[in-house]
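Trainee: Have a look at this one before I ask anything.
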Amino acid sequence: MKNPKILFLLVLGFFIQTAQSQRKMITPEFLQKGDTVGLIATARKIDLVNLQPAVKLLESWGLKVVVGKTIGKEDHQLAGPDWQRATDLQEMLDNPSIKAIWAAKGGYGTVRIVDRIDFTNFKKKPKWIVGFSDVTVLHSHINNMGIETLHAIVAVSAKTASPAAIESLRKSLFGEKLEYHIPHHEYNRNGKAKGEIVGGNLSVLYSILGSKSAIDYKGKILFIEDLDEYLYHIDRMMMNLKRNGYFDGVKAVVVGGMTEMNDNEILWGKDALQIIQDVLKDYKFPIIYNFPAGHTKDNRAMILGKTVSIDVNDTESVVKFE
């Protein structure tokens, strides 16, 4: 190549991408009996009565519970005004006695407070951030700090989640091995891959594109799930990711629940999985469909930021967390 400046930039880009794909993530300390978990509402409102099953569950594991000041608060849909939800989260992040923070509920609202948070103390002493759906904002934002988080049921789901989902949460919090064997799906694309798993709710990932909370997916395994979206919205979000190059360099895609989708009077013509299959048809990486995570009772835990290996074959899909 004649232009040394272009050659330098290409080499620099290669080394940056390699470093990003091989970075060493920080794993928060796993829990032990006697540790304390904080329950907090960063988005939609909820009262303490609906969280009693979660409190009892944590106590049955030998853990203590601190109920956040946002539980029982109300500001229309939200669990109190932005300043109050941000203050509650900040206090739990800064409290050294709290070893994990479990989101009480999803909905919408975490993106309204994330930029108010000072993560200085959290980065010095990371703790587990637990939840899914709207909590994807925190998963992504914290991933950029090089810290792992836990994509799992929210606290209100403790009374309805499957035994397998609850057990996967316990295993994740206490540092036990996570390994999933998923039945074969006809849309799967076979293959093997290994890399850091990232992602979460597709609508939230789409909404934070271009912000400092967005993640570079190159060299990673991308997980997506969603709920209650119009099918053409799924197509629009997937096309946006494709056109902006977010699938370029992805090692694999894991598709969780695409639950309770909507359609227009004039039908879109494909369901959510078919839409995803169509958008990703020109890529070569392995794809797992119907992974048990997302807005379903069987919402299995995943440590985001953790290196995983996947093997997609004609019989099953195996996902192993290192």
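By order of appearance in the structure tokens: chains A, B, ..., then residues from 1 within every chain, and ligands from 1 in the order shown.
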Using only C-alpha atoms, determine which residues lie at most 7 Å from region 145-158 of chain A, disregarding the query and same-chain residues fewer than 5 positions distant; provide the list as a ChimeraX atom specification.

Mentor: /A:25-28,50-51,53-54,102-105,128-132,139,169,299-306

Trainee: Excluding Leu48 (chain A) and residues on its chain fewer than 3 positions from it, collect all residues at most 9 Å away from it, counting only C-alpha atoms, and give them as an mmCIF file with all heavy atoms, in the first residue's frame.

Mentor:
data_model
loop_
_atom_site.group_PDB
_atom_site.id
_atom_site.type_symbol
_atom_site.label_atom_id
_atom_site.label_comp_id
_atom_site.auth_asym_id
_atom_site.auth_seq_id
_atom_site.Cartn_x
_atom_site.Cartn_y
_atom_site.Cartn_z
ATOM 1 N N LEU A 51 -43.310 -7.781 45.897
ATOM 2 C CA LEU A 51 -41.922 -8.223 45.954
ATOM 3 C C LEU A 51 -41.663 -9.209 47.082
ATOM 4 O O LEU A 51 -40.537 -9.674 47.248
ATOM 5 C CB LEU A 51 -41.000 -7.008 46.115
ATOM 6 C CG LEU A 51 -40.970 -6.035 44.933
ATOM 7 C CD1 LEU A 51 -40.028 -4.874 45.233
ATOM 8 C CD2 LEU A 51 -40.551 -6.733 43.642
ATOM 9 N N GLN A 52 -42.697 -9.550 47.845
ATOM 10 C CA GLN A 52 -42.509 -10.484 48.955
ATOM 11 C C GLN A 52 -41.964 -11.839 48.505
ATOM 12 O O GLN A 52 -41.101 -12.418 49.193
ATOM 13 C CB GLN A 52 -43.811 -10.641 49.732
ATOM 14 C CG GLN A 52 -44.160 -9.453 50.599
ATOM 15 C CD GLN A 52 -43.038 -9.073 51.550
ATOM 16 O OE1 GLN A 52 -42.494 -9.905 52.265
ATOM 17 N NE2 GLN A 52 -42.676 -7.788 51.556
ATOM 18 N N VAL A 67 -34.547 -3.004 51.097
ATOM 19 C CA VAL A 67 -35.559 -2.508 50.155
ATOM 20 C C VAL A 67 -35.267 -1.047 49.841
ATOM 21 O O VAL A 67 -35.136 -0.214 50.745
ATOM 22 C CB VAL A 67 -36.979 -2.656 50.748
ATOM 23 C CG1 VAL A 67 -38.014 -2.076 49.788
ATOM 24 C CG2 VAL A 67 -37.270 -4.127 51.019
ATOM 25 N N ILE A 71 -39.181 1.716 46.125
ATOM 26 C CA ILE A 71 -40.248 0.712 46.185
ATOM 27 C C ILE A 71 -41.463 1.342 46.882
ATOM 28 O O ILE A 71 -41.383 1.797 48.019
ATOM 29 C CB ILE A 71 -39.794 -0.547 46.940
ATOM 30 C CG1 ILE A 71 -38.509 -1.107 46.325
ATOM 31 C CG2 ILE A 71 -40.905 -1.582 46.928
ATOM 32 C CD1 ILE A 71 -38.584 -1.434 44.858
ATOM 33 N N GLY A 72 -42.583 1.357 46.167
ATOM 34 C CA GLY A 72 -43.795 1.978 46.690
ATOM 35 C C GLY A 72 -43.971 3.430 46.290
ATOM 36 O O GLY A 72 -45.039 4.011 46.515
#

Trainee: For Thr120 (chain A), find every residue with an atom within 12 Å (counting only C-alpha atoms), except residues of its own chain fewer than 4 positions away, and show them as a list in words.

Mentor: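 So, after excluding close chain neighbours, the residues are Gln90, Leu93, Asp94, Lys124, Lys125, Pro126, Ile142 and Met145 of chain A.
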
Trainee: Quick one: pull the distance between CA of Ser203 (chain A) and CA of Gln77 (chain A), Å, one decimal.

Mentor: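 Answer for the CA of Ser203 (chain A) to CA of Gln77 (chain A) separation: 18.6 Å.
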
Trainee: Could you check how far CA of Val253 (chain A) sits from CA of Tyr289 (chain A), in Å to one decimal?

Mentor: 8.6 Å

Trainee: Between A:Ala79, A:Asn244, A:Asp88, A:Arg236, which one has atoms that come closest to Tyr108 (chain A), using only C-alpha atoms?

Mentor: A:Ala79

Trainee: Give me, please, the distance in Å between CA of Arg189 (chain A) and CA of Phe247 (chain A), quoted to one decimal.

Mentor: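 It comes out at 15.1 Å.
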
Trainee: Counting only C-alpha atoms, which residue out of A:Leu205, A:Leu173, A:Leu63, A:Leu273 sits closest to Asp35 (chain A)?

Mentor: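 Of the candidates, the smallest distance to Asp35 (chain A) is held by A:Leu63.
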
Trainee: Find, counting only C-alpha atoms, the residue in A:Lys242, A:Lys218, A:His181, A:Lys270 that gets nearest to Ser309 (chain A).

Mentor: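 Closest residue, counting only C-alpha atoms: A:His181.
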
Trainee: What residues in region 48-256 of chain A get the DSSP label alpha helix (DSSP H)? Please answer as a VMD selection string.

Mentor: chain A and resid 52 to 60 82 to 94 120 to 124 136 to 143 163 to 174 202 to 207 231 to 243

Trainee: List as number ranges by chain the protein and nucleic acid residues near Ser213 (chain A), meaning an atom at most 9 Å away when only C-alpha atoms are counted, but skip any in the same chain fewer than 2 places from it.

Mentor: A: 114, 137-144, 208-211, 215

Trainee: Using only C-alpha atoms, which residues sit within 10 Å of Glu59 (chain A) once same-chain residues fewer than 5 positions away are excluded, as a list in words?

Mentor: Lys33, Gly34, Thr36, Val37, Pro53, Ala54, Lys64 and Val65 of chain A
